[in-house]
file work_28.txt (compact mmCIF, C-alpha atoms)
# COMPACT_ATOMS: atom_id res chain seq x y z
CA MET A 1269 46.96 -61.74 126.96
CA TYR A 1270 48.02 -64.40 129.49
CA GLU A 1271 48.76 -66.89 126.69
CA SER A 1272 52.03 -65.13 125.83
CA TYR A 1273 53.00 -64.75 129.47
CA TYR A 1274 52.62 -68.48 130.11
CA LYS A 1275 53.91 -69.42 126.64
CA LEU A 1276 50.67 -71.15 125.67
CA SER A 1277 49.87 -71.74 122.02
CA GLY A 1278 46.20 -70.79 122.47
CA LYS A 1279 43.43 -70.00 124.93
CA PRO A 1280 42.73 -73.21 126.87
CA PHE A 1281 39.44 -72.29 128.54
CA GLN A 1282 37.37 -70.69 125.81
CA LEU A 1283 33.61 -71.05 126.17
CA ALA A 1284 32.79 -71.80 122.52
CA PRO A 1285 32.27 -75.57 121.99
CA ASP A 1286 35.31 -76.97 120.20
CA PRO A 1287 35.95 -80.67 119.48
CA PHE A 1288 39.69 -79.94 119.74
CA PHE A 1289 39.28 -79.68 123.52
CA PHE A 1290 36.89 -82.62 123.92
CA PHE A 1291 37.62 -84.43 127.19
CA GLY A 1292 36.60 -88.06 127.38
CA SER A 1293 35.31 -88.32 130.92
CA SER A 1294 33.43 -91.47 131.83
CA THR A 1295 30.06 -89.80 131.21
CA HIS A 1296 31.13 -88.10 127.97
CA LYS A 1297 32.64 -91.30 126.55
CA ARG A 1298 29.44 -93.21 127.18
CA ALA A 1299 27.36 -90.37 125.74
CA LEU A 1300 29.48 -90.30 122.58
CA ALA A 1301 29.08 -94.06 122.20
CA TYR A 1302 25.29 -93.71 122.48
CA LEU A 1303 25.29 -90.92 119.91
CA LYS A 1304 27.36 -92.91 117.45
CA TYR A 1305 24.99 -95.84 117.84
CA GLY A 1306 22.00 -93.60 117.25
CA LEU A 1307 23.71 -92.02 114.27
CA SER A 1308 24.33 -95.45 112.77
CA GLN A 1309 20.58 -96.08 112.85
CA GLY A 1310 20.04 -93.16 110.48
CA GLU A 1311 16.56 -92.32 111.74
CA GLY A 1312 14.45 -90.94 114.56
CA PHE A 1313 15.50 -88.68 117.41
CA ILE A 1314 18.75 -88.65 119.37
CA VAL A 1315 18.30 -86.93 122.75
CA VAL A 1316 21.09 -85.49 124.91
CA THR A 1317 20.23 -83.79 128.20
CA GLY A 1318 22.24 -82.31 131.03
CA ASP A 1319 22.54 -79.35 133.35
CA VAL A 1320 23.66 -76.00 131.95
CA GLY A 1321 27.33 -76.10 130.97
CA THR A 1322 27.84 -79.88 131.06
CA GLY A 1323 29.09 -80.02 127.47
CA LYS A 1324 26.10 -81.02 125.33
CA SER A 1325 27.06 -78.80 122.39
CA THR A 1326 30.73 -79.84 122.52
CA LEU A 1327 29.66 -83.47 122.51
CA VAL A 1328 27.63 -83.08 119.32
CA ARG A 1329 30.36 -80.96 117.71
CA THR A 1330 32.78 -83.80 118.45
CA LEU A 1331 30.41 -86.30 116.88
CA PHE A 1332 30.12 -84.17 113.75
CA ALA A 1333 33.90 -83.64 113.65
CA SER A 1334 34.24 -87.41 113.35
CA LEU A 1335 32.19 -87.13 110.14
CA GLU A 1336 34.50 -84.60 108.50
CA GLY A 1337 35.79 -85.78 105.18
CA LYS A 1338 32.55 -87.66 104.58
CA ASP A 1339 30.46 -85.97 101.93
CA ASP A 1340 27.30 -87.98 102.59
CA VAL A 1341 25.96 -85.81 105.45
CA VAL A 1342 24.11 -82.49 105.26
CA ALA A 1343 23.80 -80.98 108.75
CA ALA A 1344 21.92 -77.92 110.00
CA GLU A 1345 21.42 -76.41 113.46
CA LEU A 1346 18.68 -74.48 115.27
CA ILE A 1347 19.41 -72.42 118.38
CA ASN A 1348 16.29 -70.24 118.67
CA THR A 1349 13.65 -72.72 119.82
CA GLN A 1350 10.86 -70.58 121.28
CA LEU A 1351 8.88 -70.99 118.09
CA ASP A 1352 5.42 -72.15 117.11
CA SER A 1353 4.80 -75.02 114.69
CA THR A 1354 4.90 -72.84 111.56
CA ASP A 1355 7.93 -70.80 112.64
CA ILE A 1356 9.91 -73.97 113.36
CA LEU A 1357 9.36 -75.13 109.78
CA ARG A 1358 10.49 -71.74 108.53
CA MET A 1359 13.65 -71.90 110.66
CA VAL A 1360 14.42 -75.47 109.55
CA ALA A 1361 14.08 -74.41 105.92
CA ALA A 1362 16.39 -71.44 106.54
CA ALA A 1363 18.93 -73.69 108.30
CA PHE A 1364 19.13 -75.90 105.21
CA GLY A 1365 19.42 -72.86 102.94
CA LEU A 1366 15.91 -73.03 101.50
CA ALA A 1367 13.41 -70.27 100.80
CA HIS A 1368 11.48 -69.67 104.01
CA LYS A 1369 9.57 -66.40 103.76
CA ASP A 1370 6.47 -68.09 102.39
CA ASN A 1371 3.94 -68.06 105.21
CA LYS A 1372 2.09 -71.11 103.92
CA LYS A 1373 2.84 -74.15 106.01
CA SER A 1374 2.06 -76.47 103.13
CA SER A 1375 4.69 -74.80 100.93
CA LEU A 1376 7.33 -75.05 103.64
CA LEU A 1377 6.62 -78.75 104.14
CA LYS A 1378 6.73 -79.44 100.41
CA ASN A 1379 10.00 -77.57 99.93
CA LEU A 1380 11.60 -79.48 102.80
CA GLU A 1381 10.34 -82.83 101.53
CA ASN A 1382 11.67 -82.13 98.04
CA PHE A 1383 15.02 -81.07 99.48
CA PHE A 1384 15.36 -84.21 101.62
CA LYS A 1385 14.43 -86.45 98.71
CA ALA A 1386 16.90 -84.71 96.40
CA ARG A 1387 19.70 -85.17 98.92
CA ASN A 1388 18.74 -88.83 99.30
CA ARG A 1389 19.01 -89.32 95.53
CA ASP A 1390 22.49 -87.74 95.77
CA GLY A 1391 23.46 -90.38 98.31
CA LYS A 1392 23.37 -87.94 101.24
CA ARG A 1393 21.42 -87.92 104.48
CA CYS A 1394 20.19 -84.88 106.39
CA MET A 1395 20.63 -84.20 110.10
CA LEU A 1396 19.14 -81.40 112.19
CA VAL A 1397 20.52 -80.32 115.58
CA VAL A 1398 18.04 -78.51 117.83
CA ASP A 1399 19.67 -76.83 120.83
CA GLU A 1400 17.84 -75.61 123.96
CA ALA A 1401 15.08 -78.14 123.25
CA GLN A 1402 13.53 -77.58 126.70
CA ASN A 1403 12.06 -74.36 125.28
CA LEU A 1404 10.14 -76.13 122.52
CA PRO A 1405 6.34 -76.07 122.86
CA PHE A 1406 4.74 -79.52 122.61
CA GLU A 1407 3.12 -78.70 119.26
CA THR A 1408 6.51 -77.69 117.87
CA ILE A 1409 8.09 -80.98 118.97
CA GLU A 1410 5.21 -82.76 117.28
CA GLU A 1411 5.95 -80.82 114.08
CA LEU A 1412 9.54 -82.02 114.21
CA ARG A 1413 8.26 -85.58 114.60
CA MET A 1414 6.26 -85.17 111.44
CA LEU A 1415 9.41 -84.04 109.62
CA SER A 1416 11.27 -87.10 110.92
CA ASN A 1417 8.54 -89.27 109.39
CA ILE A 1418 9.32 -88.19 105.82
CA VAL A 1419 10.51 -91.27 103.91
CA ASP A 1420 11.54 -92.14 100.38
CA ASN A 1421 11.40 -95.77 99.24
CA GLY A 1422 11.21 -96.88 102.85
CA LYS A 1423 14.22 -94.80 103.97
CA THR A 1424 13.93 -92.07 106.62
CA LEU A 1425 15.29 -88.81 105.19
CA LEU A 1426 15.90 -86.69 108.31
CA GLN A 1427 17.50 -87.52 111.65
CA ILE A 1428 17.08 -85.05 114.51
CA PHE A 1429 19.31 -84.36 117.53
CA LEU A 1430 17.55 -82.74 120.50
CA LEU A 1431 19.86 -81.08 123.04
CA GLY A 1432 18.16 -79.89 126.20
CA GLN A 1433 18.59 -79.06 129.83
CA THR A 1434 17.61 -81.53 132.52
CA GLU A 1435 13.94 -80.51 132.55
CA PHE A 1436 13.58 -81.65 128.95
CA ARG A 1437 13.56 -85.24 130.23
CA GLU A 1438 10.36 -84.43 132.10
CA HIS A 1439 8.86 -82.74 129.05
CA LEU A 1440 9.35 -85.89 127.01
CA ARG A 1441 7.33 -87.90 129.54
CA ALA A 1442 4.18 -85.91 128.74
CA PRO A 1443 1.40 -88.16 127.36
CA VAL A 1444 1.01 -85.92 124.29
CA LEU A 1445 4.56 -86.84 123.26
CA ASP A 1446 4.07 -90.61 123.25
CA GLN A 1447 4.76 -90.84 119.52
CA VAL A 1448 7.90 -88.71 119.87
CA ARG A 1449 9.30 -91.01 122.58
CA GLN A 1450 8.67 -93.98 120.32
CA ARG A 1451 10.92 -92.32 117.72
CA VAL A 1452 13.90 -91.86 120.09
CA THR A 1453 16.68 -94.21 118.95
CA ALA A 1454 19.31 -93.08 121.50
CA SER A 1455 19.23 -90.97 124.65
CA TYR A 1456 21.80 -89.97 127.26
CA HIS A 1457 21.93 -87.66 130.27
CA LEU A 1458 25.28 -86.00 130.99
CA SER A 1459 26.36 -85.96 134.63
CA HIS A 1460 28.91 -83.67 136.28
CA LEU A 1461 32.63 -84.48 136.51
CA ASP A 1462 33.93 -85.88 139.77
CA GLY A 1463 36.96 -84.50 141.62
CA GLU A 1464 39.58 -86.57 139.79
CA GLU A 1465 37.97 -85.86 136.43
CA THR A 1466 37.89 -82.13 137.19
CA GLN A 1467 41.65 -82.09 137.67
CA ALA A 1468 42.18 -84.26 134.59
CA TYR A 1469 39.87 -81.98 132.58
CA ILE A 1470 41.87 -78.86 133.52
CA GLU A 1471 45.19 -80.54 132.76
CA HIS A 1472 43.81 -81.91 129.48
CA ARG A 1473 42.74 -78.50 128.20
CA LEU A 1474 46.04 -76.95 129.25
CA SER A 1475 48.01 -79.72 127.54
CA LYS A 1476 46.17 -78.99 124.27
CA VAL A 1477 47.84 -75.56 124.20
CA ASP A 1478 51.36 -76.78 125.05
CA TRP A 1479 51.24 -76.13 128.78
CA ASN A 1480 54.58 -76.82 130.44
CA ASN A 1481 53.40 -76.74 134.07
CA ASN A 1482 53.55 -72.94 134.07
CA PRO A 1483 51.61 -72.00 136.04
CA SER A 1484 51.55 -75.05 138.26
CA PHE A 1485 48.43 -75.95 140.24
CA THR A 1486 48.52 -77.27 143.80
CA ALA A 1487 46.36 -80.16 144.99
CA GLU A 1488 44.37 -77.72 147.15
CA ALA A 1489 43.73 -75.51 144.10
CA PHE A 1490 42.27 -78.44 142.17
CA GLN A 1491 40.07 -79.44 145.12
CA LEU A 1492 38.75 -75.90 145.58
CA LEU A 1493 38.06 -75.63 141.86
CA PHE A 1494 36.00 -78.80 142.03
CA ASP A 1495 34.12 -77.57 145.11
CA PHE A 1496 33.32 -74.25 143.43
CA SER A 1497 32.41 -75.60 139.98
CA GLU A 1498 30.68 -78.78 141.19
CA GLY A 1499 32.27 -80.48 138.19
CA VAL A 1500 30.44 -78.39 135.57
CA PRO A 1501 32.82 -77.87 132.60
CA ARG A 1502 31.56 -74.39 131.71
CA VAL A 1503 32.06 -73.14 135.27
CA ILE A 1504 35.51 -74.74 135.32
CA ASN A 1505 36.38 -72.91 132.10
CA THR A 1506 35.26 -69.47 133.25
CA THR A 1507 36.97 -69.88 136.63
CA CYS A 1508 40.27 -71.15 135.22
CA ASP A 1509 40.28 -68.37 132.65
CA ARG A 1510 40.01 -65.85 135.48
CA LEU A 1511 42.72 -67.67 137.44
CA LEU A 1512 45.16 -67.44 134.54
CA LEU A 1513 44.32 -63.77 134.04
CA TYR A 1514 44.92 -63.13 137.73
CA GLY A 1515 48.17 -65.08 137.57
CA PHE A 1516 49.30 -62.99 134.61
CA LEU A 1517 48.42 -59.68 136.27
CA GLU A 1518 50.11 -60.66 139.53
CA GLU A 1519 53.02 -62.41 137.74
CA LYS A 1520 52.36 -65.74 139.43
CA THR A 1521 53.86 -69.05 138.30
CA ARG A 1522 51.90 -71.12 140.82
CA ILE A 1523 48.14 -71.29 141.39
CA ASP A 1524 47.48 -72.30 144.99
CA GLY A 1525 44.44 -72.52 147.21
CA GLU A 1526 44.64 -68.89 148.35
CA ILE A 1527 44.53 -67.63 144.77
CA VAL A 1528 41.55 -69.85 143.96
CA LYS A 1529 39.73 -68.59 147.06
CA LEU A 1530 40.41 -64.98 146.09
CA VAL A 1531 39.23 -65.38 142.50
CA THR A 1532 36.12 -67.43 143.34
CA GLU A 1533 35.16 -64.91 146.02
CA GLU A 1534 35.41 -62.17 143.40
CA ILE A 1535 33.21 -64.17 141.02
CA ASN A 1536 30.62 -64.72 143.75
CA ALA A 1537 30.66 -61.03 144.65
CA GLU A 1538 30.13 -60.06 141.00
CA ASN A 1539 27.27 -62.53 140.64
CA HIS A 1540 25.53 -61.22 143.75
CA ALA A 1541 26.11 -57.59 142.74
CA GLY A 1542 23.90 -58.08 139.68
CA LYS A 1543 20.91 -59.31 141.67
CA ASP A 1544 18.01 -56.97 142.39
CA SER A 1545 17.18 -56.99 146.07
CA THR A 1546 14.73 -54.10 146.18
CA SER A 1547 11.41 -55.95 146.00
CA SER A 1548 8.68 -54.83 148.40
CA GLU A 1549 8.92 -58.14 150.27
CA GLU A 1550 12.65 -57.62 150.93
CA MET A 1551 12.64 -53.85 151.42
CA HIS A 1552 12.50 -54.08 155.22
CA VAL A 1553 15.32 -56.66 155.33
CA ILE A 1554 18.00 -54.42 153.85
CA VAL A 1555 17.59 -51.72 156.50
CA ASP A 1556 20.76 -51.90 158.56
CA ALA A 1557 22.01 -50.29 161.75
CA GLN A 1558 22.92 -47.07 159.94
CA LEU A 1559 19.23 -46.26 159.37
CA PRO A 1560 16.82 -45.14 162.09
CA GLU A 1561 14.03 -47.48 163.11
CA ASN A 1562 11.43 -45.16 161.57
CA ALA A 1563 13.17 -45.08 158.16
CA THR A 1564 10.79 -44.87 155.20
CA ALA A 1565 10.95 -46.96 152.04
CA MET A 1566 12.47 -43.92 150.31
CA ASP A 1567 15.20 -43.71 152.97
CA VAL A 1568 15.99 -47.38 152.46
CA ARG A 1569 16.17 -46.99 148.67
CA VAL A 1570 18.44 -43.95 148.87
CA HIS A 1571 20.70 -45.77 151.31
CA GLN A 1572 20.90 -48.79 149.01
CA LEU A 1573 21.72 -46.63 145.99
CA GLU A 1574 24.54 -45.03 147.95
CA ARG A 1575 25.95 -48.46 148.80
CA GLU A 1576 25.66 -49.58 145.16
CA MET A 1577 27.47 -46.43 144.03
CA ALA A 1578 30.26 -47.12 146.52
CA ASP A 1579 30.54 -50.69 145.20
CA LEU A 1580 30.73 -49.43 141.61
CA LYS A 1581 33.49 -47.00 142.52
CA LYS A 1582 35.39 -49.79 144.25
CA ARG A 1583 35.08 -52.07 141.19
CA PHE A 1584 36.11 -49.21 138.89
CA ARG A 1585 39.26 -48.54 140.91
CA LYS A 1586 40.09 -52.24 140.91
CA GLU A 1587 39.65 -52.58 137.12
CA ARG A 1588 41.66 -49.40 136.59
CA ASP A 1589 44.51 -50.88 138.64
CA PHE A 1590 44.29 -54.07 136.56
CA MET A 1591 44.56 -52.07 133.34
CA ARG A 1592 47.57 -50.23 134.66
CA LYS A 1593 49.24 -53.55 135.42
CA ILE A 1594 48.46 -54.82 131.93
CA VAL A 1595 49.96 -51.71 130.35
CA GLN A 1596 53.05 -51.92 132.56
CA ILE A 1597 53.61 -55.62 131.77
CA SER A 1598 53.11 -54.94 128.05
CA LEU A 1599 55.69 -52.15 128.18
CA ASN A 1600 58.13 -54.49 129.94
CA PHE A 1601 57.62 -57.08 127.17
CA GLU A 1602 58.34 -54.44 124.55
CA ASP A 1603 61.49 -53.33 126.37
CA ASP A 1604 62.69 -56.95 126.50

call {"tool": "encode", "arguments": {"input": "work_28.txt", "output": "structure tokens"}}
result
Amino acid sequence: MYESYYKLSGKPFQLAPDPFFFFGSSTHKRALAYLKYGLSQGEGFIVVTGDVGTGKSTLVRTLFASLEGKDDVVAAELINTQLDSTDILRMVAAAFGLAHKDNKKSSLLKNLENFFKARNRDGKRCMLVVDEAQNLPFETIEELRMLSNIVDNGKTLLQIFLLGQTEFREHLRAPVLDQVRQRVTASYHLSHLDGEETQAYIEHRLSKVDWNNNPSFTAEAFQLLFDFSEGVPRVINTTCDRLLLYGFLEEKTRIDGEIVKLVTEEINAENHAGKDSTSSEEMHVIVDAQLPENATAMDVRVHQLEREMADLKKRFRKERDFMRKIVQISLNFEDD
């Protein structure tokens, strides 16, 4: 949509992790160095933690992209991590393309061991990426440790990457996970981008799709984007995507502070609109001056529903106007 308008060769702020857009901030460069060191060890656990949206998945994708062309690595990934110790084995087997419907834990373990040993004889090593590791029960983490202990002629056959949110660091400190911590060969916690890095990050992603300073960004726009996103790459991406869409719809060639304020206020309003504020503890708070002092809970609820309906109508009219603009701009392109 806005890519054609701004003559971009692609979408610069997509949410899917893509090594093509990897930005080497100070924290991400150090994290990548730690990961490469851990990878060179060929054993144990490599742990990457960080707040939501700080780029953990992109970091690992970038690491794996550096391995492309090398046929000595067999990698698999797990995303669903709310699993017990037997289910995790089943999911690991499925991730490596093995039969996994057998409910017997012993069969799953044997199949995995045979697979790892066969790959080792082929001169390959196996790696498993486990995302959202903060959701793993302790017994499931322990099961993964047991998998990482499988050896053949003194060589560890499986290396495991654990990607988790900040709280996963606390989980790993639990006494029951002492043996897991002893198997960690590299660990890094991703921090947020600072103000200068936020601007550099935005310009980097734009440059990857042949941005020619159209639209241009003012210094105030960059500062407000940092203030709003707090340097979290995922928030930067979603906000900048909305900014470019707004710029396209309003035919802007310059993103200034006023535009950033407008778009971020819209995002905040949408986020708050989805929150449920009708709990019994808050019911009396939402009574406003339009309701009598003796209003019942039913009166309050009806009044709130009326306000929500008015908000929905307002959002519908706004989106309808946006669609009309899109159609009109598309027709103008066709006429040209």

call {"tool": "closest_residue", "arguments": {"input": "work_28.txt", "among": "A:Val1360, A:Gly1499, A:Asp1352, A:Gln1447", "to": "A:Tyr1469", "atoms": "only C-alpha atoms"}}
result
A:Gly1499

call {"tool": "closest_residue", "arguments": {"input": "work_28.txt", "among": "A:Ala1284, A:Ala1344, A:Leu1474, A:Ile1428", "to": "A:Gly1310", "atoms": "all atoms listed in the file"}}
result
A:Ile1428

call {"tool": "atom_distance", "arguments": {"input": "work_28.txt", "atom1": "atom CA of A:Val1500", "atom2": "atom CA of A:Ala1454"}}
result
23.2 Å

call {"tool": "residues_around", "arguments": {"input": "work_28.txt", "residues": "stretch 1424-1426 of chain A", "least_positions_apart": "5", "cutoff": "8 Å", "atoms": "all atoms listed in the file", "output": "number ranges by chain"}}
result
A: 1310-1312, 1384-1385, 1388, 1393-1396, 1415-1419

call {"tool": "atom_distance", "arguments": {"input": "work_28.txt", "atom1": "atom CA of A:Tyr1302", "atom2": "atom CA of A:Ile1314"}}
result
8.8 Å

call {"tool": "residues_around", "arguments": {"input": "work_28.txt", "residues": "A:Thr1408", "least_positions_apart": "3", "cutoff": "10 Å", "atoms": "all atoms listed in the file", "output": "ChimeraX atom specification"}}
result
/A:1349-1357,1403-1405,1411-1414

call {"tool": "closest_residue", "arguments": {"input": "work_28.txt", "among": "A:His1296, A:Arg1473, A:Arg1522, A:His1457", "to": "A:Val1316", "atoms": "only C-alpha atoms"}}
result
A:His1457

call {"tool": "atom_distance", "arguments": {"input": "work_28.txt", "atom1": "atom CA of A:Gln1402", "atom2": "atom CA of A:Leu1303"}}
result
19.0 Å

call {"tool": "closest_residue", "arguments": {"input": "work_28.txt", "among": "A:Ala1333, A:Ala1468, A:Val1341, A:Ile1527", "to": "A:Gly1292", "atoms": "only C-alpha atoms"}}
result
A:Ala1468

call {"tool": "residues_around", "arguments": {"input": "work_28.txt", "residues": "stretch 1438-1442 of chain A", "least_positions_apart": "4", "cutoff": "9 Å", "atoms": "only C-alpha atoms", "output": "list in words"}}
result
Gln1402, Phe1406, Thr1434, Asp1446, Val1448 and Arg1449 of chain A

call {"tool": "closest_residue", "arguments": {"input": "work_28.txt", "among": "A:Lys1373, A:Lys1279, A:Leu1517, A:Val1397", "to": "A:Leu1331", "atoms": "all atoms listed in the file"}}
result
A:Val1397

call {"tool": "closest_residue", "arguments": {"input": "work_28.txt", "among": "A:Phe1383, A:Phe1429, A:Tyr1274, A:Phe1291", "to": "A:Lys1304", "atoms": "all atoms listed in the file"}}
result
A:Phe1429

call {"tool": "axis_aligned_box", "arguments": {"input": "work_28.txt", "around": "stretch 1378-1387 of chain A", "padding_each_side": "6 Å", "output": "lines of an AutoDock Vina configuration file"}}
result
center_x = 13.2
center_y = -82.0
center_z = 99.6
size_x = 25.0
size_y = 20.9
size_z = 18.4
